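> I'm passing along upload36.cif; it holds mmCIF, N, CA and C atoms.
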```cif
data_target
loop_
_atom_site.label_atom_id
_atom_site.label_comp_id
_atom_site.auth_asym_id
_atom_site.auth_seq_id
_atom_site.Cartn_x
_atom_site.Cartn_y
_atom_site.Cartn_z
N MET A 276 117.05 88.04 79.97
CA MET A 276 117.97 89.15 80.09
C MET A 276 118.69 89.04 81.43
N LYS A 277 120.00 89.23 81.41
CA LYS A 277 120.78 89.19 82.64
C LYS A 277 120.97 90.60 83.18
N TYR A 278 120.92 90.71 84.49
CA TYR A 278 121.09 91.99 85.15
C TYR A 278 122.34 91.94 86.01
N SER A 279 123.12 92.99 85.94
CA SER A 279 124.31 93.07 86.77
C SER A 279 123.91 93.47 88.18
N GLU A 280 124.81 93.24 89.10
CA GLU A 280 124.55 93.65 90.48
C GLU A 280 124.37 95.16 90.55
N GLN A 281 125.16 95.91 89.77
CA GLN A 281 125.03 97.37 89.79
C GLN A 281 123.67 97.82 89.25
N THR A 282 123.17 97.15 88.23
CA THR A 282 121.85 97.48 87.69
C THR A 282 120.78 97.26 88.75
N PHE A 283 120.91 96.15 89.49
CA PHE A 283 119.94 95.89 90.56
C PHE A 283 120.09 96.92 91.68
N ILE A 284 121.32 97.28 92.05
CA ILE A 284 121.53 98.30 93.08
C ILE A 284 120.88 99.61 92.67
N ASP A 285 121.01 99.97 91.40
CA ASP A 285 120.36 101.19 90.90
C ASP A 285 118.85 101.11 91.10
N LEU A 286 118.28 99.94 90.81
CA LEU A 286 116.84 99.75 91.01
C LEU A 286 116.49 99.86 92.49
N HIS A 287 117.30 99.26 93.34
CA HIS A 287 117.03 99.32 94.78
C HIS A 287 117.17 100.76 95.29
N ASN A 288 118.08 101.52 94.71
CA ASN A 288 118.19 102.94 95.06
C ASN A 288 116.89 103.67 94.71
N GLU A 289 116.27 103.31 93.59
CA GLU A 289 114.98 103.90 93.22
C GLU A 289 113.90 103.51 94.23
N PHE A 290 113.93 102.25 94.68
CA PHE A 290 113.02 101.77 95.72
C PHE A 290 113.16 102.64 96.98
N ILE A 291 114.39 102.93 97.37
CA ILE A 291 114.65 103.78 98.54
C ILE A 291 114.12 105.19 98.30
N ARG A 292 114.32 105.73 97.08
CA ARG A 292 113.79 107.06 96.76
C ARG A 292 112.27 107.08 96.89
N CYS A 293 111.62 105.99 96.47
CA CYS A 293 110.16 105.91 96.60
C CYS A 293 109.75 105.89 98.07
N TRP A 294 110.53 105.21 98.92
CA TRP A 294 110.27 105.24 100.36
C TRP A 294 110.40 106.66 100.89
N ASP A 295 111.48 107.35 100.48
CA ASP A 295 111.69 108.73 100.93
C ASP A 295 110.50 109.61 100.56
N GLU A 296 110.04 109.45 99.33
CA GLU A 296 108.90 110.23 98.85
C GLU A 296 107.64 109.92 99.66
N ALA A 297 107.40 108.63 99.89
CA ALA A 297 106.21 108.23 100.66
C ALA A 297 106.27 108.77 102.08
N MET A 298 107.44 108.73 102.69
CA MET A 298 107.57 109.23 104.06
C MET A 298 107.38 110.75 104.12
N ALA A 299 107.64 111.42 103.00
CA ALA A 299 107.48 112.87 102.96
C ALA A 299 106.04 113.29 102.65
N ASN A 300 105.37 112.56 101.73
CA ASN A 300 104.05 113.02 101.29
C ASN A 300 102.90 112.07 101.61
N GLY A 301 103.21 110.89 102.13
CA GLY A 301 102.17 109.94 102.51
C GLY A 301 101.61 109.11 101.37
N LYS A 302 102.06 109.34 100.16
CA LYS A 302 101.56 108.60 99.00
C LYS A 302 102.41 107.36 98.76
N THR A 303 101.76 106.19 98.72
CA THR A 303 102.49 104.92 98.65
C THR A 303 102.37 104.20 97.31
N GLU A 304 101.69 104.77 96.33
CA GLU A 304 101.42 104.06 95.08
C GLU A 304 102.69 103.61 94.37
N LYS A 305 103.70 104.49 94.26
CA LYS A 305 104.95 104.12 93.58
C LYS A 305 105.64 102.99 94.33
N LEU A 306 105.58 103.04 95.63
CA LEU A 306 106.20 102.03 96.48
C LEU A 306 105.49 100.68 96.32
N GLU A 307 104.18 100.71 96.32
CA GLU A 307 103.39 99.48 96.21
C GLU A 307 103.71 98.71 94.94
N ALA A 308 104.08 99.41 93.88
CA ALA A 308 104.37 98.77 92.59
C ALA A 308 105.57 97.82 92.67
N PHE A 309 106.41 97.95 93.68
CA PHE A 309 107.58 97.09 93.82
C PHE A 309 107.24 95.73 94.44
N TYR A 310 106.09 95.59 95.06
CA TYR A 310 105.73 94.36 95.77
C TYR A 310 104.88 93.46 94.87
N ASP A 311 105.25 92.17 94.78
CA ASP A 311 104.54 91.24 93.91
C ASP A 311 103.22 90.82 94.56
N LYS A 312 102.12 91.09 93.88
CA LYS A 312 100.78 90.81 94.42
C LYS A 312 100.53 89.33 94.64
N ASP A 313 101.14 88.49 93.83
CA ASP A 313 100.86 87.05 93.91
C ASP A 313 101.71 86.31 94.94
N SER A 314 102.90 86.82 95.24
CA SER A 314 103.78 86.03 96.09
C SER A 314 104.32 86.75 97.33
N TYR A 315 104.15 88.06 97.42
CA TYR A 315 104.76 88.77 98.54
C TYR A 315 104.17 88.34 99.88
N HIS A 316 105.06 88.12 100.82
CA HIS A 316 104.67 87.89 102.21
C HIS A 316 105.83 88.33 103.10
N VAL A 317 105.50 88.66 104.32
CA VAL A 317 106.51 89.12 105.26
C VAL A 317 106.33 88.38 106.58
N VAL A 318 107.46 88.12 107.22
CA VAL A 318 107.49 87.52 108.55
C VAL A 318 108.21 88.52 109.45
N ILE A 319 107.59 88.84 110.60
CA ILE A 319 108.16 89.82 111.51
C ILE A 319 108.37 89.18 112.88
N PHE A 320 109.62 89.20 113.31
CA PHE A 320 109.98 88.72 114.64
C PHE A 320 110.08 89.93 115.56
N THR A 321 109.22 89.97 116.58
CA THR A 321 109.20 91.12 117.47
C THR A 321 109.99 90.89 118.76
N SER A 322 109.98 89.66 119.25
CA SER A 322 110.77 89.32 120.43
C SER A 322 111.03 87.82 120.42
N ASP A 323 111.96 87.42 121.25
CA ASP A 323 112.36 86.01 121.25
C ASP A 323 111.32 85.08 121.86
N ASP A 324 110.42 85.62 122.68
CA ASP A 324 109.47 84.76 123.37
C ASP A 324 108.06 84.78 122.75
N VAL A 325 107.94 85.34 121.55
CA VAL A 325 106.65 85.42 120.87
C VAL A 325 106.82 84.86 119.46
N LYS A 326 105.82 84.11 119.01
CA LYS A 326 105.86 83.60 117.64
C LYS A 326 105.89 84.77 116.66
N PRO A 327 106.57 84.59 115.53
CA PRO A 327 106.60 85.68 114.55
C PRO A 327 105.22 85.92 113.95
N MET A 328 105.02 87.15 113.48
CA MET A 328 103.78 87.50 112.79
C MET A 328 104.02 87.32 111.30
N GLU A 329 103.02 86.82 110.60
CA GLU A 329 103.12 86.63 109.15
C GLU A 329 101.99 87.36 108.47
N PHE A 330 102.32 88.04 107.36
CA PHE A 330 101.35 88.82 106.63
C PHE A 330 101.47 88.55 105.14
N ASP A 331 100.32 88.46 104.46
CA ASP A 331 100.33 88.29 103.01
C ASP A 331 100.37 89.67 102.35
N TYR A 332 100.27 89.68 101.04
CA TYR A 332 100.36 90.94 100.28
C TYR A 332 99.33 91.97 100.75
N ASP A 333 98.06 91.59 100.76
CA ASP A 333 97.00 92.56 101.11
C ASP A 333 97.19 93.12 102.52
N GLN A 334 97.49 92.24 103.47
CA GLN A 334 97.72 92.69 104.84
C GLN A 334 98.95 93.61 104.92
N SER A 335 99.98 93.25 104.19
CA SER A 335 101.23 94.03 104.21
C SER A 335 101.05 95.41 103.63
N ILE A 336 100.35 95.50 102.51
CA ILE A 336 100.13 96.81 101.88
C ILE A 336 99.25 97.68 102.77
N ALA A 337 98.25 97.09 103.41
CA ALA A 337 97.43 97.86 104.36
C ALA A 337 98.30 98.37 105.50
N GLY A 338 99.18 97.53 106.02
CA GLY A 338 100.09 97.94 107.08
C GLY A 338 101.08 99.00 106.63
N LEU A 339 101.56 98.87 105.40
CA LEU A 339 102.48 99.85 104.84
C LEU A 339 101.81 101.23 104.79
N LYS A 340 100.57 101.26 104.29
CA LYS A 340 99.84 102.52 104.20
C LYS A 340 99.63 103.14 105.58
N GLU A 341 99.25 102.32 106.56
CA GLU A 341 99.03 102.81 107.93
C GLU A 341 100.32 103.37 108.53
N SER A 342 101.42 102.63 108.36
CA SER A 342 102.67 103.07 108.97
C SER A 342 103.20 104.34 108.31
N VAL A 343 103.08 104.44 106.99
CA VAL A 343 103.52 105.66 106.31
C VAL A 343 102.68 106.84 106.79
N LYS A 344 101.38 106.65 106.89
CA LYS A 344 100.49 107.73 107.36
C LYS A 344 100.87 108.16 108.78
N ALA A 345 101.15 107.18 109.64
CA ALA A 345 101.48 107.49 111.04
C ALA A 345 102.86 108.13 111.18
N LEU A 346 103.76 107.83 110.24
CA LEU A 346 105.14 108.30 110.37
C LEU A 346 105.50 109.37 109.35
N ILE A 347 104.50 109.98 108.73
CA ILE A 347 104.77 111.00 107.71
C ILE A 347 105.66 112.08 108.29
N GLY A 348 106.67 112.47 107.51
CA GLY A 348 107.61 113.49 107.96
C GLY A 348 108.83 112.94 108.68
N THR A 349 108.84 111.64 108.96
CA THR A 349 110.03 111.05 109.59
C THR A 349 111.01 110.61 108.51
N GLU A 350 112.20 110.26 108.93
CA GLU A 350 113.23 109.78 108.01
C GLU A 350 113.37 108.27 108.17
N LYS A 351 113.35 107.56 107.06
CA LYS A 351 113.58 106.12 107.07
C LYS A 351 114.92 105.86 106.39
N ARG A 352 115.87 105.34 107.16
CA ARG A 352 117.20 105.07 106.62
C ARG A 352 117.37 103.58 106.34
N PHE A 353 118.21 103.28 105.40
CA PHE A 353 118.55 101.91 105.02
C PHE A 353 120.04 101.74 105.29
N ASP A 354 120.41 101.57 106.56
CA ASP A 354 121.81 101.52 106.97
C ASP A 354 122.43 100.14 106.70
N ASN A 355 123.72 100.15 106.44
CA ASN A 355 124.51 98.91 106.30
C ASN A 355 123.94 97.96 105.24
N ARG A 356 123.49 98.51 104.14
CA ARG A 356 122.87 97.71 103.08
C ARG A 356 123.90 96.81 102.41
N VAL A 357 123.49 95.57 102.19
CA VAL A 357 124.29 94.59 101.46
C VAL A 357 123.38 93.97 100.41
N VAL A 358 123.83 93.97 99.15
CA VAL A 358 123.07 93.39 98.05
C VAL A 358 123.84 92.20 97.50
N ARG A 359 123.14 91.10 97.30
CA ARG A 359 123.75 89.91 96.71
C ARG A 359 122.82 89.34 95.65
N MET A 360 123.37 89.17 94.46
CA MET A 360 122.63 88.50 93.40
C MET A 360 122.75 87.00 93.65
N GLN A 361 121.62 86.31 93.73
CA GLN A 361 121.64 84.86 93.91
C GLN A 361 121.85 84.17 92.57
N ASP A 362 121.25 84.73 91.55
CA ASP A 362 121.43 84.31 90.16
C ASP A 362 120.89 85.45 89.31
N HIS A 363 120.61 85.23 88.04
CA HIS A 363 120.20 86.34 87.18
C HIS A 363 118.73 86.76 87.36
N VAL A 364 117.96 86.04 88.19
CA VAL A 364 116.55 86.41 88.41
C VAL A 364 116.19 86.55 89.89
N ARG A 365 117.16 86.40 90.78
CA ARG A 365 116.88 86.51 92.22
C ARG A 365 118.00 87.29 92.90
N ALA A 366 117.58 88.17 93.83
CA ALA A 366 118.54 88.96 94.60
C ALA A 366 118.06 89.03 96.04
N SER A 367 119.02 89.18 96.94
CA SER A 367 118.70 89.37 98.36
C SER A 367 119.34 90.68 98.82
N VAL A 368 118.60 91.39 99.67
CA VAL A 368 119.08 92.67 100.19
C VAL A 368 118.91 92.64 101.71
N PHE A 369 120.00 92.98 102.42
CA PHE A 369 119.96 93.11 103.87
C PHE A 369 120.23 94.56 104.22
N TYR A 370 119.54 95.08 105.23
CA TYR A 370 119.85 96.41 105.75
C TYR A 370 119.23 96.55 107.14
N GLU A 371 119.71 97.56 107.86
CA GLU A 371 119.08 97.97 109.10
C GLU A 371 118.15 99.13 108.75
N MET A 372 116.85 98.91 108.91
CA MET A 372 115.90 99.98 108.69
C MET A 372 115.82 100.79 109.99
N VAL A 373 116.13 102.07 109.89
CA VAL A 373 116.13 102.94 111.05
C VAL A 373 115.17 104.09 110.76
N VAL A 374 114.21 104.29 111.65
CA VAL A 374 113.27 105.39 111.50
C VAL A 374 113.63 106.45 112.53
N ILE A 375 113.86 107.67 112.02
CA ILE A 375 114.28 108.80 112.86
C ILE A 375 113.20 109.87 112.83
N GLN A 376 112.81 110.33 114.01
CA GLN A 376 111.85 111.43 114.12
C GLN A 376 112.52 112.52 114.92
N GLY A 377 112.77 113.65 114.27
CA GLY A 377 113.55 114.71 114.92
C GLY A 377 114.96 114.19 115.11
N ASN A 378 115.41 114.15 116.36
CA ASN A 378 116.72 113.58 116.68
C ASN A 378 116.62 112.21 117.32
N ASP A 379 115.41 111.66 117.39
CA ASP A 379 115.18 110.40 118.10
C ASP A 379 115.03 109.22 117.16
N GLU A 380 115.67 108.12 117.51
CA GLU A 380 115.49 106.88 116.78
C GLU A 380 114.20 106.22 117.27
N VAL A 381 113.23 106.11 116.38
CA VAL A 381 111.92 105.55 116.73
C VAL A 381 111.98 104.03 116.72
N THR A 382 112.61 103.48 115.71
CA THR A 382 112.71 102.03 115.60
C THR A 382 113.94 101.64 114.81
N ARG A 383 114.39 100.41 115.02
CA ARG A 383 115.50 99.82 114.27
C ARG A 383 115.12 98.37 114.01
N ILE A 384 115.15 97.99 112.74
CA ILE A 384 114.72 96.65 112.34
C ILE A 384 115.72 96.08 111.35
N PHE A 385 116.22 94.87 111.62
CA PHE A 385 117.02 94.16 110.63
C PHE A 385 116.06 93.62 109.58
N THR A 386 116.37 93.86 108.31
CA THR A 386 115.48 93.46 107.23
C THR A 386 116.24 92.69 106.16
N ILE A 387 115.64 91.61 105.70
CA ILE A 387 116.14 90.88 104.54
C ILE A 387 115.00 90.83 103.53
N GLU A 388 115.26 91.37 102.34
CA GLU A 388 114.29 91.33 101.26
C GLU A 388 114.70 90.30 100.23
N GLY A 389 113.75 89.55 99.72
CA GLY A 389 113.97 88.66 98.59
C GLY A 389 113.32 89.28 97.37
N TRP A 390 114.09 89.47 96.31
CA TRP A 390 113.61 90.07 95.07
C TRP A 390 113.67 89.03 93.97
N THR A 391 112.68 89.07 93.08
CA THR A 391 112.62 88.14 91.95
C THR A 391 112.26 88.92 90.69
N LEU A 392 112.91 88.56 89.60
CA LEU A 392 112.58 89.15 88.31
C LEU A 392 111.37 88.42 87.74
N ILE A 393 110.24 89.12 87.66
CA ILE A 393 108.98 88.54 87.19
C ILE A 393 108.49 89.37 86.01
N ASP A 394 108.31 88.73 84.86
CA ASP A 394 107.85 89.45 83.66
C ASP A 394 108.70 90.68 83.39
N ASN A 395 110.01 90.49 83.50
CA ASN A 395 111.00 91.54 83.21
C ASN A 395 110.92 92.73 84.17
N GLN A 396 110.36 92.51 85.36
CA GLN A 396 110.29 93.56 86.38
C GLN A 396 110.72 92.98 87.72
N TRP A 397 111.60 93.69 88.42
CA TRP A 397 112.03 93.26 89.74
C TRP A 397 110.95 93.56 90.76
N ASN A 398 110.60 92.54 91.57
CA ASN A 398 109.60 92.70 92.62
C ASN A 398 110.10 92.09 93.92
N VAL A 399 109.69 92.71 95.04
CA VAL A 399 109.93 92.10 96.34
C VAL A 399 108.91 90.98 96.48
N THR A 400 109.40 89.75 96.74
CA THR A 400 108.50 88.60 96.87
C THR A 400 108.42 88.09 98.30
N ARG A 401 109.42 88.42 99.11
CA ARG A 401 109.38 87.99 100.51
C ARG A 401 110.27 88.92 101.33
N GLU A 402 109.97 88.95 102.62
CA GLU A 402 110.70 89.84 103.52
C GLU A 402 110.69 89.24 104.92
N VAL A 403 111.81 89.38 105.60
CA VAL A 403 111.92 88.95 106.99
C VAL A 403 112.42 90.15 107.78
N ASN A 404 111.74 90.44 108.89
CA ASN A 404 112.11 91.56 109.75
C ASN A 404 112.33 91.07 111.17
N LYS A 405 113.38 91.58 111.80
CA LYS A 405 113.65 91.32 113.22
C LYS A 405 113.72 92.68 113.91
N VAL A 406 112.74 92.96 114.76
CA VAL A 406 112.70 94.23 115.47
C VAL A 406 113.80 94.24 116.53
N ILE A 407 114.66 95.24 116.45
CA ILE A 407 115.76 95.41 117.41
C ILE A 407 115.37 96.42 118.48
N LYS A 408 114.72 97.49 118.03
CA LYS A 408 114.27 98.55 118.95
C LYS A 408 112.92 99.04 118.54
#
```
Please, can you express the file's structure as structure tokens?


Amino acid sequence: MKYSEQTFIDLHNEFIRCWDEAMANGKTEKLEAFYDKDSYHVVIFTSDDVKPMEFDYDQSIAGLKESVKALIGTEKRFDNRVVRMQDHVRASVFYEMVVIQGNDEVTRIFTIEGWTLIDNQWNVTREVNKVIK
């Protein structure tokens, strides 16, 4: 089955809604369903003079749960989002993830997500983050 870019954008909008919900109530189950258990991994660049950190699925989900719990009630924005279909089963998404608490910007991270259609379901399979602030 072929998916249009708009169909994928609609799915990514749902992914963002799940983030909003998790940041409001601390529950991450809906969000976790978007990450592929067999292939997901993330690389995080924190500064230019330190090697990047790499995390597999289990480590990433544990970190996701911890960060949502610690930041409950904050706003997570997906600024300057760009979606590109690589082909009919792969998509890439770039955005600036901005976490706002009250009127203060807590963090800003450039993020690139790799999505793959697996068993007729879109999943995040890889992610690269560059911490800006």

> When DSSP works through the backbone of this structure, what residues of chain A end up as helix (DSSP H, G or I), shown as a count of residues only?

39

> Assuming the chain letters and numbering stay as they are in my file, what does the PyMOL selection byres ((chain A and resi 382-388) around 7) actually select? List them as a list in words.

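Evaluating the PyMOL selection byres ((chain A and resi 382-388) around 7) on these coordinates yields Ala366, Ser367, Val368, Phe369, Tyr370, Glu371, Met372, Val373, Val374, Ile375, Asp379, Glu380, Val381, Gly389, Trp390, Val399, Thr400, Arg401, Glu402, Val403, Asn404, Lys405, Val406, Ile407 and Lys408 of chain A.
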
> Given the file above and the PyMOL selection byres ((chain A and resi 289-303) around 8), which residues are selected, and can you give them as a VMD selection string?

chain A and resid 283 to 288 304 to 309 339 to 340 342 to 351 353

> Please, which residues of chain A, numbered as in this document, come out strand (DSSP E or B) from DSSP, as a ChimeraX atom specification?

/A:310,316-320,328-331,350-362,365-376,379-393,396-406

> Need the axis-aligned box for stretch 375-379 of chain A with 8 Å each side, so what are the centre and edges in Å to one decimal, as AutoDock Vina command-line options?


```
--center_x 114.3 --center_y 111.2 --center_z 115.1 --size_x 20.9 --size_y 23.0 --size_z 22.1
```

> How far is it from atom CA of A:Tyr332 to atom CA of A:Asp354, in Å with one decimal?

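Those two atoms sit 24.8 Å apart.
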
> Work out how far apart atom CA of A:Thr282 and atom C of A:Asp311 are and give it in Å to one decimal.

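For atom CA of A:Thr282 relative to atom C of A:Asp311, the distance reads 20.9 Å.
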
> At what distance in Å, to one decimal, does atom C of A:Ile336 lie from atom CA of A:His316?

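If I compute the distance from atom CA of A:His316 to atom C of A:Ile336, I get 11.2 Å.
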
> Pick the closest to A:Ser314 from A:Met328, A:Val358, A:Val364, A:Ile393: which is it, counting only C-alpha atoms?

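Smallest separation from A:Ser314 among the options: A:Ile393.
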